[in-house]
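Shown below: query.pdb, with PDB, C-alpha atoms.
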ATOM      1  CA  MET A   1      36.866-184.787  -3.987  1.00  0.00           C
ATOM      2  CA  ASN A   2      38.344-183.511  -7.185  1.00  0.00           C
ATOM      3  CA  GLU A   3      41.150-185.064  -9.194  1.00  0.00           C
ATOM      4  CA  GLN A   4      43.858-182.809  -7.744  1.00  0.00           C
ATOM      5  CA  ASN A   5      42.931-183.719  -4.180  1.00  0.00           C
ATOM      6  CA  LYS A   6      42.925-187.363  -5.124  1.00  0.00           C
ATOM      7  CA  ASN A   7      46.448-187.127  -6.487  1.00  0.00           C
ATOM      8  CA  GLN A   8      47.609-185.361  -3.349  1.00  0.00           C
ATOM      9  CA  SER A   9      46.088-188.041  -1.147  1.00  0.00           C
ATOM     10  CA  ASN A  10      47.787-190.721  -3.198  1.00  0.00           C
ATOM     11  CA  GLY A  11      51.175-189.056  -2.786  1.00  0.00           C
ATOM     12  CA  GLU A  12      51.477-188.179  -6.474  1.00  0.00           C
ATOM     13  CA  THR A  13      52.873-184.895  -7.759  1.00  0.00           C
ATOM     14  CA  PRO A  14      50.004-182.652  -8.761  1.00  0.00           C
ATOM     15  CA  LYS A  15      49.725-181.967 -12.481  1.00  0.00           C
ATOM     16  CA  PRO A  16      49.221-178.418 -13.763  1.00  0.00           C
ATOM     17  CA  LEU A  17      45.700-177.548 -14.605  1.00  0.00           C
ATOM     18  CA  LYS A  18      44.908-177.570 -18.283  1.00  0.00           C
ATOM     19  CA  GLY A  19      44.305-174.205 -19.939  1.00  0.00           C
ATOM     20  CA  GLY A  20      46.420-172.137 -17.510  1.00  0.00           C
ATOM     21  CA  PRO A  21      49.054-169.587 -18.749  1.00  0.00           C
ATOM     22  CA  ILE A  22      52.634-170.750 -18.990  1.00  0.00           C
ATOM     23  CA  ASN A  23      55.389-168.020 -18.801  1.00  0.00           C
ATOM     24  CA  GLN A  24      58.222-168.815 -21.188  1.00  0.00           C
ATOM     25  CA  PRO A  25      61.168-166.508 -22.061  1.00  0.00           C
ATOM     26  CA  SER A  26      60.886-164.728 -25.444  1.00  0.00           C
ATOM     27  CA  SER A  27      63.227-165.493 -28.367  1.00  0.00           C
ATOM     28  CA  TRP A  28      64.937-162.054 -27.984  1.00  0.00           C
ATOM     29  CA  LYS A  29      65.671-162.690 -24.317  1.00  0.00           C
ATOM     30  CA  ARG A  30      67.049-166.121 -25.134  1.00  0.00           C
ATOM     31  CA  LEU A  31      69.240-164.583 -27.858  1.00  0.00           C
ATOM     32  CA  LEU A  32      70.546-161.786 -25.655  1.00  0.00           C
ATOM     33  CA  SER A  33      71.374-164.274 -22.939  1.00  0.00           C
ATOM     34  CA  LYS A  34      74.071-165.785 -25.174  1.00  0.00           C
ATOM     35  CA  ARG A  35      77.611-164.643 -24.313  1.00  0.00           C
ATOM     36  CA  TRP A  36      78.675-164.125 -27.926  1.00  0.00           C
ATOM     37  CA  VAL A  37      75.849-161.703 -28.862  1.00  0.00           C
ATOM     38  CA  TYR A  38      77.259-158.447 -27.472  1.00  0.00           C
ATOM     39  CA  PRO A  39      80.784-158.897 -28.909  1.00  0.00           C
ATOM     40  CA  ALA A  40      79.252-159.724 -32.308  1.00  0.00           C
ATOM     41  CA  VAL A  41      77.080-156.603 -32.262  1.00  0.00           C
ATOM     42  CA  TYR A  42      80.086-154.472 -31.261  1.00  0.00           C
ATOM     43  CA  MET A  43      82.243-155.825 -34.091  1.00  0.00           C
ATOM     44  CA  ALA A  44      79.460-155.253 -36.645  1.00  0.00           C
ATOM     45  CA  ALA A  45      79.117-151.618 -35.531  1.00  0.00           C
ATOM     46  CA  ILE A  46      82.874-151.087 -35.877  1.00  0.00           C
ATOM     47  CA  ALA A  47      82.792-152.570 -39.400  1.00  0.00           C
ATOM     48  CA  ILE A  48      79.975-150.228 -40.466  1.00  0.00           C
ATOM     49  CA  ILE A  49      81.797-147.163 -39.108  1.00  0.00           C
ATOM     50  CA  LEU A  50      85.057-148.096 -40.863  1.00  0.00           C
ATOM     51  CA  THR A  51      83.186-148.624 -44.135  1.00  0.00           C
ATOM     52  CA  LEU A  52      81.584-145.150 -43.927  1.00  0.00           C
ATOM     53  CA  VAL A  53      84.974-143.548 -43.197  1.00  0.00           C
ATOM     54  CA  TRP A  54      86.543-145.298 -46.203  1.00  0.00           C
ATOM     55  CA  VAL A  55      83.730-144.176 -48.535  1.00  0.00           C
ATOM     56  CA  TYR A  56      84.061-140.572 -47.342  1.00  0.00           C
ATOM     57  CA  GLN A  57      87.848-140.507 -47.792  1.00  0.00           C
ATOM     58  CA  ASP A  58      87.554-142.037 -51.260  1.00  0.00           C
ATOM     59  CA  SER A  59      85.046-139.413 -52.433  1.00  0.00           C
ATOM     60  CA  SER A  60      87.182-136.603 -50.973  1.00  0.00           C
ATOM     61  CA  GLN A  61      90.290-137.886 -52.760  1.00  0.00           C
ATOM     62  CA  LYS A  62      88.428-138.027 -56.084  1.00  0.00           C
ATOM     63  CA  ALA A  63      87.346-134.412 -55.622  1.00  0.00           C
ATOM     64  CA  LEU A  64      90.954-133.330 -54.962  1.00  0.00           C
ATOM     65  CA  ASN A  65      92.202-135.200 -58.021  1.00  0.00           C
ATOM     66  CA  SER A  66      89.576-133.728 -60.348  1.00  0.00           C
ATOM     67  CA  ASP A  67      90.564-131.591 -63.328  1.00  0.00           C
ATOM     68  CA  PRO A  68      91.656-128.153 -61.995  1.00  0.00           C
ATOM     69  CA  THR A  69      90.345-126.462 -65.109  1.00  0.00           C
ATOM     70  CA  THR A  70      86.860-127.631 -64.205  1.00  0.00           C
ATOM     71  CA  VAL A  71      87.204-125.964 -60.822  1.00  0.00           C
ATOM     72  CA  SER A  72      88.550-122.804 -62.417  1.00  0.00           C
ATOM     73  CA  GLU A  73      85.689-122.584 -64.873  1.00  0.00           C
ATOM     74  CA  SER A  74      83.206-122.756 -62.046  1.00  0.00           C
ATOM     75  CA  LEU A  75      84.803-119.703 -60.389  1.00  0.00           C
ATOM     76  CA  VAL A  76      84.819-117.476 -63.465  1.00  0.00           C
ATOM     77  CA  SER A  77      81.604-116.119 -64.916  1.00  0.00           C
ATOM     78  CA  LYS A  78      80.629-116.207 -68.560  1.00  0.00           C
ATOM     79  CA  ASP A  79      81.567-112.518 -68.762  1.00  0.00           C
ATOM     80  CA  THR A  80      85.232-113.525 -69.033  1.00  0.00           C
ATOM     81  CA  GLU A  81      84.508-114.408 -72.665  1.00  0.00           C
ATOM     82  CA  VAL A  82      84.528-110.674 -73.364  1.00  0.00           C
ATOM     83  CA  GLY A  83      87.388-109.911 -70.980  1.00  0.00           C
ATOM     84  CA  ILE A  84      85.480-109.086 -67.766  1.00  0.00           C
ATOM     85  CA  ASN A  85      86.369-110.907 -64.569  1.00  0.00           C
ATOM     86  CA  LYS A  86      84.019-110.943 -61.572  1.00  0.00           C
ATOM     87  CA  LEU A  87      86.678-112.047 -59.062  1.00  0.00           C
ATOM     88  CA  ASP A  88      87.343-109.854 -56.054  1.00  0.00           C
ATOM     89  CA  PRO A  89      90.052-107.235 -56.832  1.00  0.00           C
ATOM     90  CA  ASP A  90      92.218-108.443 -53.931  1.00  0.00           C
ATOM     91  CA  ALA A  91      92.027-112.018 -55.217  1.00  0.00           C
ATOM     92  CA  LEU A  92      92.841-110.796 -58.717  1.00  0.00           C
ATOM     93  CA  GLU A  93      95.973-109.048 -57.429  1.00  0.00           C
ATOM     94  CA  VAL A  94      97.174-112.276 -55.821  1.00  0.00           C
ATOM     95  CA  ILE A  95      96.635-114.099 -59.118  1.00  0.00           C
ATOM     96  CA  ALA A  96      98.481-111.403 -61.072  1.00  0.00           C
ATOM     97  CA  LYS A  97     101.515-111.598 -58.774  1.00  0.00           C
ATOM     98  CA  ALA A  98     101.838-115.278 -59.583  1.00  0.00           C
ATOM     99  CA  GLU A  99     101.599-114.732 -63.361  1.00  0.00           C
ATOM    100  CA  THR A 100     104.310-114.225 -65.925  1.00  0.00           C
ATOM    101  CA  ILE A 101     103.683-111.959 -68.879  1.00  0.00           C
ATOM    102  CA  ALA A 102     102.188-113.619 -71.958  1.00  0.00           C
ATOM    103  CA  TRP A 103     101.966-112.680 -75.616  1.00  0.00           C
ATOM    104  CA  PRO A 104      98.973-110.383 -76.180  1.00  0.00           C
ATOM    105  CA  VAL A 105      97.528-112.717 -78.827  1.00  0.00           C
ATOM    106  CA  SER A 106      95.801-116.118 -78.979  1.00  0.00           C
ATOM    107  CA  ASN A 107      98.694-117.851 -80.716  1.00  0.00           C
ATOM    108  CA  ALA A 108     102.119-116.230 -80.713  1.00  0.00           C
ATOM    109  CA  LYS A 109     103.230-118.365 -83.661  1.00  0.00           C
ATOM    110  CA  GLU A 110     100.613-116.740 -85.897  1.00  0.00           C
ATOM    111  CA  VAL A 111     102.093-113.238 -85.546  1.00  0.00           C
ATOM    112  CA  ASN A 112     105.444-111.660 -86.354  1.00  0.00           C
ATOM    113  CA  VAL A 113     107.290-108.716 -84.850  1.00  0.00           C
ATOM    114  CA  VAL A 114     106.977-106.245 -87.704  1.00  0.00           C
ATOM    115  CA  LYS A 115     108.714-103.449 -85.809  1.00  0.00           C
ATOM    116  CA  PRO A 116     110.929-103.986 -82.735  1.00  0.00           C
ATOM    117  CA  PHE A 117     111.295-101.923 -79.584  1.00  0.00           C
ATOM    118  CA  TYR A 118     113.896 -99.177 -79.793  1.00  0.00           C
ATOM    119  CA  ASP A 119     116.640-100.128 -77.349  1.00  0.00           C
ATOM    120  CA  PRO A 120     118.997 -97.228 -76.547  1.00  0.00           C
ATOM    121  CA  LYS A 121     121.708 -99.813 -75.861  1.00  0.00           C
ATOM    122  CA  GLY A 122     120.869-101.820 -78.951  1.00  0.00           C
ATOM    123  CA  THR A 123     122.767-102.282 -82.185  1.00  0.00           C
ATOM    124  CA  ASP A 124     122.742 -99.937 -85.138  1.00  0.00           C
ATOM    125  CA  GLU A 125     120.511-102.432 -86.911  1.00  0.00           C
ATOM    126  CA  ASN A 126     117.999-102.265 -84.074  1.00  0.00           C
ATOM    127  CA  HIS A 127     118.048 -98.474 -84.115  1.00  0.00           C
ATOM    128  CA  LEU A 128     117.335 -98.454 -87.825  1.00  0.00           C
ATOM    129  CA  GLU A 129     114.524-101.022 -87.692  1.00  0.00           C
ATOM    130  CA  ALA A 130     112.900 -99.435 -84.636  1.00  0.00           C
ATOM    131  CA  MET A 131     112.385 -95.996 -86.162  1.00  0.00           C
ATOM    132  CA  VAL A 132     108.814 -94.968 -86.937  1.00  0.00           C
ATOM    133  CA  GLN A 133     108.230 -92.512 -89.767  1.00  0.00           C
ATOM    134  CA  TYR A 134     105.185 -90.289 -89.730  1.00  0.00           C
ATOM    135  CA  LYS A 135     105.140 -87.955 -92.716  1.00  0.00           C
ATOM    136  CA  ASP A 136     108.521 -86.180 -92.510  1.00  0.00           C
ATOM    137  CA  THR A 137     109.126 -87.049 -88.860  1.00  0.00           C
ATOM    138  CA  PHE A 138     111.016 -90.004 -87.361  1.00  0.00           C
ATOM    139  CA  VAL A 139     110.435 -91.169 -83.797  1.00  0.00           C
ATOM    140  CA  THR A 140     111.685 -94.176 -81.852  1.00  0.00           C
ATOM    141  CA  ASN A 141     109.355 -97.134 -81.386  1.00  0.00           C
ATOM    142  CA  THR A 142     108.196 -97.422 -77.767  1.00  0.00           C
ATOM    143  CA  GLY A 143     106.900-100.991 -77.980  1.00  0.00           C
ATOM    144  CA  LEU A 144     106.564-104.085 -80.146  1.00  0.00           C
ATOM    145  CA  ASP A 145     104.380-104.099 -83.237  1.00  0.00           C
ATOM    146  CA  LEU A 146     102.794-107.478 -83.982  1.00  0.00           C
ATOM    147  CA  ALA A 147     100.974-108.481 -87.173  1.00  0.00           C
ATOM    148  CA  ARG A 148      99.954-111.520 -89.172  1.00  0.00           C
ATOM    149  CA  GLU A 149     101.756-112.281 -92.395  1.00  0.00           C
ATOM    150  CA  ASP A 150      98.435-112.272 -94.301  1.00  0.00           C
ATOM    151  CA  ASP A 151      97.464-108.875 -92.800  1.00  0.00           C
ATOM    152  CA  LYS A 152      94.241-110.293 -91.322  1.00  0.00           C
ATOM    153  CA  PRO A 153      92.855-108.837 -88.073  1.00  0.00           C
ATOM    154  CA  PHE A 154      93.313-110.923 -84.910  1.00  0.00           C
ATOM    155  CA  GLU A 155      92.173-110.852 -81.296  1.00  0.00           C
ATOM    156  CA  VAL A 156      94.274-108.886 -78.816  1.00  0.00           C
ATOM    157  CA  LYS A 157      94.552-110.498 -75.377  1.00  0.00           C
ATOM    158  CA  ALA A 158      95.442-109.193 -71.918  1.00  0.00           C
ATOM    159  CA  ALA A 159      99.096-110.061 -71.265  1.00  0.00           C
ATOM    160  CA  LEU A 160      98.485-110.072 -67.505  1.00  0.00           C
ATOM    161  CA  SER A 161      95.505-109.889 -65.168  1.00  0.00           C
ATOM    162  CA  GLY A 162      94.716-106.391 -63.974  1.00  0.00           C
ATOM    163  CA  LYS A 163      92.429-103.364 -64.065  1.00  0.00           C
ATOM    164  CA  VAL A 164      91.606-101.297 -67.147  1.00  0.00           C
ATOM    165  CA  THR A 165      92.836 -97.794 -66.349  1.00  0.00           C
ATOM    166  CA  ARG A 166      92.553 -96.167 -69.767  1.00  0.00           C
ATOM    167  CA  VAL A 167      90.307 -96.541 -72.803  1.00  0.00           C
ATOM    168  CA  GLU A 168      90.437 -93.848 -75.463  1.00  0.00           C
ATOM    169  CA  LYS A 169      90.515 -93.150 -79.160  1.00  0.00           C
ATOM    170  CA  HIS A 170      93.751 -91.449 -80.193  1.00  0.00           C
ATOM    171  CA  PRO A 171      93.913 -89.582 -83.524  1.00  0.00           C
ATOM    172  CA  LEU A 172      97.313 -91.104 -84.431  1.00  0.00           C
ATOM    173  CA  MET A 173      97.483 -94.352 -82.415  1.00  0.00           C
ATOM    174  CA  GLY A 174      93.912 -95.516 -82.944  1.00  0.00           C
ATOM    175  CA  ASN A 175      91.975 -97.025 -80.054  1.00  0.00           C
ATOM    176  CA  VAL A 176      94.123 -97.424 -76.940  1.00  0.00           C
ATOM    177  CA  VAL A 177      93.625 -99.665 -73.884  1.00  0.00           C
ATOM    178  CA  GLU A 178      95.814 -99.503 -70.790  1.00  0.00           C
ATOM    179  CA  VAL A 179      95.788-102.209 -68.081  1.00  0.00           C
ATOM    180  CA  THR A 180      97.476-101.736 -64.702  1.00  0.00           C
ATOM    181  CA  HIS A 181      98.763-104.861 -62.950  1.00  0.00           C
ATOM    182  CA  ALA A 182     100.309-105.889 -59.646  1.00  0.00           C
ATOM    183  CA  SER A 183     103.940-105.029 -58.847  1.00  0.00           C
ATOM    184  CA  ASN A 184     103.666-101.616 -60.569  1.00  0.00           C
ATOM    185  CA  LEU A 185     103.480-103.107 -64.053  1.00  0.00           C
ATOM    186  CA  LYS A 186     101.389-101.608 -66.817  1.00  0.00           C
ATOM    187  CA  THR A 187     100.646-102.773 -70.362  1.00  0.00           C
ATOM    188  CA  VAL A 188      99.365-100.609 -73.213  1.00  0.00           C
ATOM    189  CA  TYR A 189      97.680-101.813 -76.419  1.00  0.00           C
ATOM    190  CA  GLN A 190      97.337 -99.452 -79.395  1.00  0.00           C
ATOM    191  CA  SER A 191      96.013 -99.591 -82.956  1.00  0.00           C
ATOM    192  CA  LEU A 192      92.869-101.391 -81.850  1.00  0.00           C
ATOM    193  CA  THR A 193      89.341-101.810 -83.105  1.00  0.00           C
ATOM    194  CA  ASP A 194      86.201-103.383 -81.638  1.00  0.00           C
ATOM    195  CA  THR A 195      87.215-102.732 -78.026  1.00  0.00           C
ATOM    196  CA  LYS A 196      85.683-105.235 -75.572  1.00  0.00           C
ATOM    197  CA  VAL A 197      86.469-103.626 -72.204  1.00  0.00           C
ATOM    198  CA  LYS A 198      85.531-100.479 -70.347  1.00  0.00           C
ATOM    199  CA  LEU A 199      87.322 -98.205 -67.922  1.00  0.00           C
ATOM    200  CA  GLY A 200      87.556 -99.669 -64.427  1.00  0.00           C
ATOM    201  CA  GLU A 201      86.845-103.282 -65.392  1.00  0.00           C
ATOM    202  CA  GLU A 202      88.956-106.166 -64.151  1.00  0.00           C
ATOM    203  CA  VAL A 203      90.423-108.481 -66.789  1.00  0.00           C
ATOM    204  CA  ILE A 204      92.149-111.819 -66.460  1.00  0.00           C
ATOM    205  CA  GLN A 205      95.224-112.895 -68.388  1.00  0.00           C
ATOM    206  CA  GLY A 206      94.276-114.110 -71.849  1.00  0.00           C
ATOM    207  CA  ALA A 207      90.913-112.316 -71.941  1.00  0.00           C
ATOM    208  CA  THR A 208      90.061-110.646 -75.252  1.00  0.00           C
ATOM    209  CA  ILE A 209      90.266-106.873 -74.925  1.00  0.00           C
ATOM    210  CA  ALA A 210      90.001-105.818 -78.589  1.00  0.00           C
ATOM    211  CA  THR A 211      90.849-106.643 -82.205  1.00  0.00           C
ATOM    212  CA  ALA A 212      94.037-105.568 -83.972  1.00  0.00           C
ATOM    213  CA  GLY A 213      93.427-102.736 -86.418  1.00  0.00           C
ATOM    214  CA  ARG A 214      95.120 -99.875 -88.208  1.00  0.00           C
ATOM    215  CA  SER A 215      96.532 -96.563 -87.006  1.00  0.00           C
ATOM    216  CA  GLU A 216      97.427 -93.303 -88.657  1.00  0.00           C
ATOM    217  CA  MET A 217     100.865 -93.303 -87.013  1.00  0.00           C
ATOM    218  CA  GLU A 218     101.918 -96.670 -88.415  1.00  0.00           C
ATOM    219  CA  SER A 219      99.664 -97.017 -91.415  1.00  0.00           C
ATOM    220  CA  SER A 220     102.306 -98.930 -93.368  1.00  0.00           C
ATOM    221  CA  LEU A 221     102.020-101.857 -90.918  1.00  0.00           C
ATOM    222  CA  GLY A 222      98.413-102.646 -91.822  1.00  0.00           C
ATOM    223  CA  ASN A 223      96.409-104.569 -89.211  1.00  0.00           C
ATOM    224  CA  HIS A 224      98.610-104.795 -86.136  1.00  0.00           C
ATOM    225  CA  VAL A 225      98.782-104.207 -82.389  1.00  0.00           C
ATOM    226  CA  HIS A 226     101.316-101.882 -80.809  1.00  0.00           C
ATOM    227  CA  PHE A 227     102.241-103.377 -77.411  1.00  0.00           C
ATOM    228  CA  GLU A 228     104.042-101.473 -74.637  1.00  0.00           C
ATOM    229  CA  VAL A 229     105.179-102.478 -71.138  1.00  0.00           C
ATOM    230  CA  TYR A 230     105.975-100.112 -68.256  1.00  0.00           C
ATOM    231  CA  ASP A 231     107.687-100.982 -64.982  1.00  0.00           C
ATOM    232  CA  ASN A 232     107.214 -98.203 -62.401  1.00  0.00           C
ATOM    233  CA  GLU A 233     106.256 -95.898 -65.285  1.00  0.00           C
ATOM    234  CA  VAL A 234     109.528 -96.679 -67.110  1.00  0.00           C
ATOM    235  CA  LEU A 235     109.345 -98.198 -70.597  1.00  0.00           C
ATOM    236  CA  VAL A 236     110.898-101.641 -70.887  1.00  0.00           C
ATOM    237  CA  ASN A 237     111.490-103.875 -73.876  1.00  0.00           C
ATOM    238  CA  PRO A 238     108.542-106.331 -74.063  1.00  0.00           C
ATOM    239  CA  ALA A 239     110.725-108.817 -75.971  1.00  0.00           C
ATOM    240  CA  GLU A 240     112.861-109.306 -72.857  1.00  0.00           C
ATOM    241  CA  LEU A 241     109.787-110.330 -70.808  1.00  0.00           C
ATOM    242  CA  LEU A 242     107.766-112.406 -73.258  1.00  0.00           C
ATOM    243  CA  PRO A 243     108.254-116.187 -73.394  1.00  0.00           C
ATOM    244  CA  VAL A 244     110.009-117.778 -76.354  1.00  0.00           C
ATOM    245  CA  LYS A 245     107.577-118.825 -79.073  1.00  0.00           C
TER     246      LYS A 245
END
Would it be possible to restate this file's structure as structure tokens?
Amino acid sequence: MNEQNKNQSNGETPKPLKGGPINQPSSWKRLLSKRWVYPAVYMAAIAIILTLVWVYQDSSQKALNSDPTTVSESLVSKDTEVGINKLDPDALEVIAKAETIAWPVSNAKEVNVVKPFYDPKGTDENHLEAMVQYKDTFVTNTGLDLAREDDKPFEVKAALSGKVTRVEKHPLMGNVVEVTHASNLKTVYQSLTDTKVKLGEEVIQGATIATAGRSEMESSLGNHVHFEVYDNEVLVNPAELLPVK
């Protein structure tokens, strides 16, 4: 009789045999059996999600608050350095409608009005100053003539965004550039040299279109730009539209 049978005959509880497998619950099962585990896991997941949302909102806010000039520069190609804009014409028209006319130079304080626009309703002094003499002929000045006091050439800028609709060399006015803008406005630049734009190109406000030069018609003015503004093909006084220096 073996030991187990002996124990049974003696009324003792049989002991497990040595070396047999014992099934015990794993550590994961013991952990998951705790009541607090699932609520803790749920709260941790919520915390992670809220953290990701906060990080995303913070990065988005920083992007919105970034320097707008940086965004602008990324939309305009390097060709704008010579006055050419690659924006869609429809987008350019929207921009132009929101613009106000600017002086056609880099720094308005560096130039003077050397001959004013002839205003039919102006004073006698204006009528006298705004007469242009060519040989033995006198004609009224149809724009503003701008020049530096030291007679040095200077860059001529687009007063508004628009499309170049005329580029030609005139025997009396010198090189001429015409730009047509939104709202039936048109600007004309005369007495130019070193023209930077071509017919049909789109220019943005402030882009360099040429350099001020000399003209046969107004040779006494030296290096200057003759600047005209038309509203629905009617000449208007540019001085009434330009901002105060």
Set the distance at 8 Å and use only C-alpha atoms: which residues neighbour A:Asn237 once local chain neighbours fewer than 2 positions away are removed? I'd like the list as a PDB file with C-alpha atoms, keeping the file's coordinate frame.
ATOM      1  CA  PHE A 117     111.295-101.923 -79.584  1.00  0.00           C
ATOM      2  CA  TYR A 118     113.896 -99.177 -79.793  1.00  0.00           C
ATOM      3  CA  ASP A 119     116.640-100.128 -77.349  1.00  0.00           C
ATOM      4  CA  GLY A 143     106.900-100.991 -77.980  1.00  0.00           C
ATOM      5  CA  LEU A 144     106.564-104.085 -80.146  1.00  0.00           C
ATOM      6  CA  GLU A 228     104.042-101.473 -74.637  1.00  0.00           C
ATOM      7  CA  VAL A 229     105.179-102.478 -71.138  1.00  0.00           C
ATOM      8  CA  LEU A 235     109.345 -98.198 -70.597  1.00  0.00           C
ATOM      9  CA  ALA A 239     110.725-108.817 -75.971  1.00  0.00           C
ATOM     10  CA  GLU A 240     112.861-109.306 -72.857  1.00  0.00           C
ATOM     11  CA  LEU A 241     109.787-110.330 -70.808  1.00  0.00           C
TER      12      LEU A 241
END
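Atom CA of A:Val114 lies 5.6 Å from atom CA of A:Asp145.
For the set A:Ile101, A:Val111, A:Val225, A:Val244, the residue with the smallest atom-to-atom gap to A:Leu192 is A:Val225, counting all atoms listed in the file.
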* Asked: Any idea what's packed within 9 Å of stretch 169-179 of chain A, counting only C-alpha atoms, ignoring anything in its chain fewer than 3 positions away? Could you give it as a ChimeraX atom specification?
  -> /A:158,160-166,185-195,197-199,202-203,209-210,213-218,226
Pairwise distance, atom CA of A:Ser183 with atom CA of A:Ser106, equals 24.4 Å
Using N, CA, C and O atoms, give me stretch 203-217 of chain A from the structure I just pasted, as a short mmCIF file (atom, residue, chain, number, x, y, z; two decimals), in the first residue's frame.
data_model
loop_
_atom_site.label_atom_id
_atom_site.label_comp_id
_atom_site.auth_asym_id
_atom_site.auth_seq_id
_atom_site.Cartn_x
_atom_site.Cartn_y
_atom_site.Cartn_z
N VAL A 203 1.77 93.70 -62.09
CA VAL A 203 2.68 94.31 -61.11
C VAL A 203 1.94 94.54 -59.81
O VAL A 203 0.72 94.74 -59.80
N ILE A 204 2.67 94.49 -58.71
CA ILE A 204 2.07 94.78 -57.42
C ILE A 204 2.48 96.18 -56.99
O ILE A 204 3.48 96.73 -57.45
N GLN A 205 1.70 96.76 -56.11
CA GLN A 205 1.99 98.11 -55.62
C GLN A 205 3.38 98.14 -54.98
O GLN A 205 3.74 97.29 -54.18
N GLY A 206 4.16 99.14 -55.38
CA GLY A 206 5.50 99.29 -54.84
C GLY A 206 6.58 98.58 -55.63
O GLY A 206 7.76 98.72 -55.32
N ALA A 207 6.19 97.81 -56.66
CA ALA A 207 7.19 97.13 -57.49
C ALA A 207 7.91 98.15 -58.38
O ALA A 207 7.31 99.11 -58.86
N THR A 208 9.19 97.95 -58.59
CA THR A 208 9.96 98.85 -59.45
C THR A 208 9.59 98.61 -60.90
O THR A 208 9.65 97.49 -61.39
N ILE A 209 9.20 99.68 -61.60
CA ILE A 209 8.84 99.53 -63.01
C ILE A 209 9.86 100.19 -63.93
O ILE A 209 9.92 99.86 -65.12
N ALA A 210 10.66 101.12 -63.40
CA ALA A 210 11.66 101.80 -64.24
C ALA A 210 12.50 102.72 -63.36
O ALA A 210 12.36 102.73 -62.13
N THR A 211 13.35 103.50 -64.02
CA THR A 211 14.16 104.52 -63.35
C THR A 211 13.81 105.88 -63.94
O THR A 211 13.58 106.00 -65.15
N ALA A 212 13.74 106.90 -63.10
CA ALA A 212 13.46 108.25 -63.58
C ALA A 212 14.58 108.71 -64.51
O ALA A 212 15.76 108.47 -64.24
N GLY A 213 14.19 109.38 -65.59
CA GLY A 213 15.18 109.84 -66.56
C GLY A 213 14.84 111.23 -67.09
O GLY A 213 14.21 112.03 -66.40
N ARG A 214 15.23 111.47 -68.30
CA ARG A 214 15.02 112.79 -68.92
C ARG A 214 14.11 112.66 -70.14
O ARG A 214 14.03 111.59 -70.75
N SER A 215 13.45 113.76 -70.49
CA SER A 215 12.59 113.76 -71.67
C SER A 215 12.84 115.03 -72.47
O SER A 215 13.25 116.06 -71.94
N GLU A 216 12.55 114.93 -73.73
CA GLU A 216 12.71 116.09 -74.62
C GLU A 216 11.68 117.16 -74.27
O GLU A 216 11.98 118.36 -74.34
N MET A 217 10.48 116.75 -73.89
CA MET A 217 9.40 117.69 -73.62
C MET A 217 9.70 118.56 -72.41
O MET A 217 9.39 119.76 -72.41
#
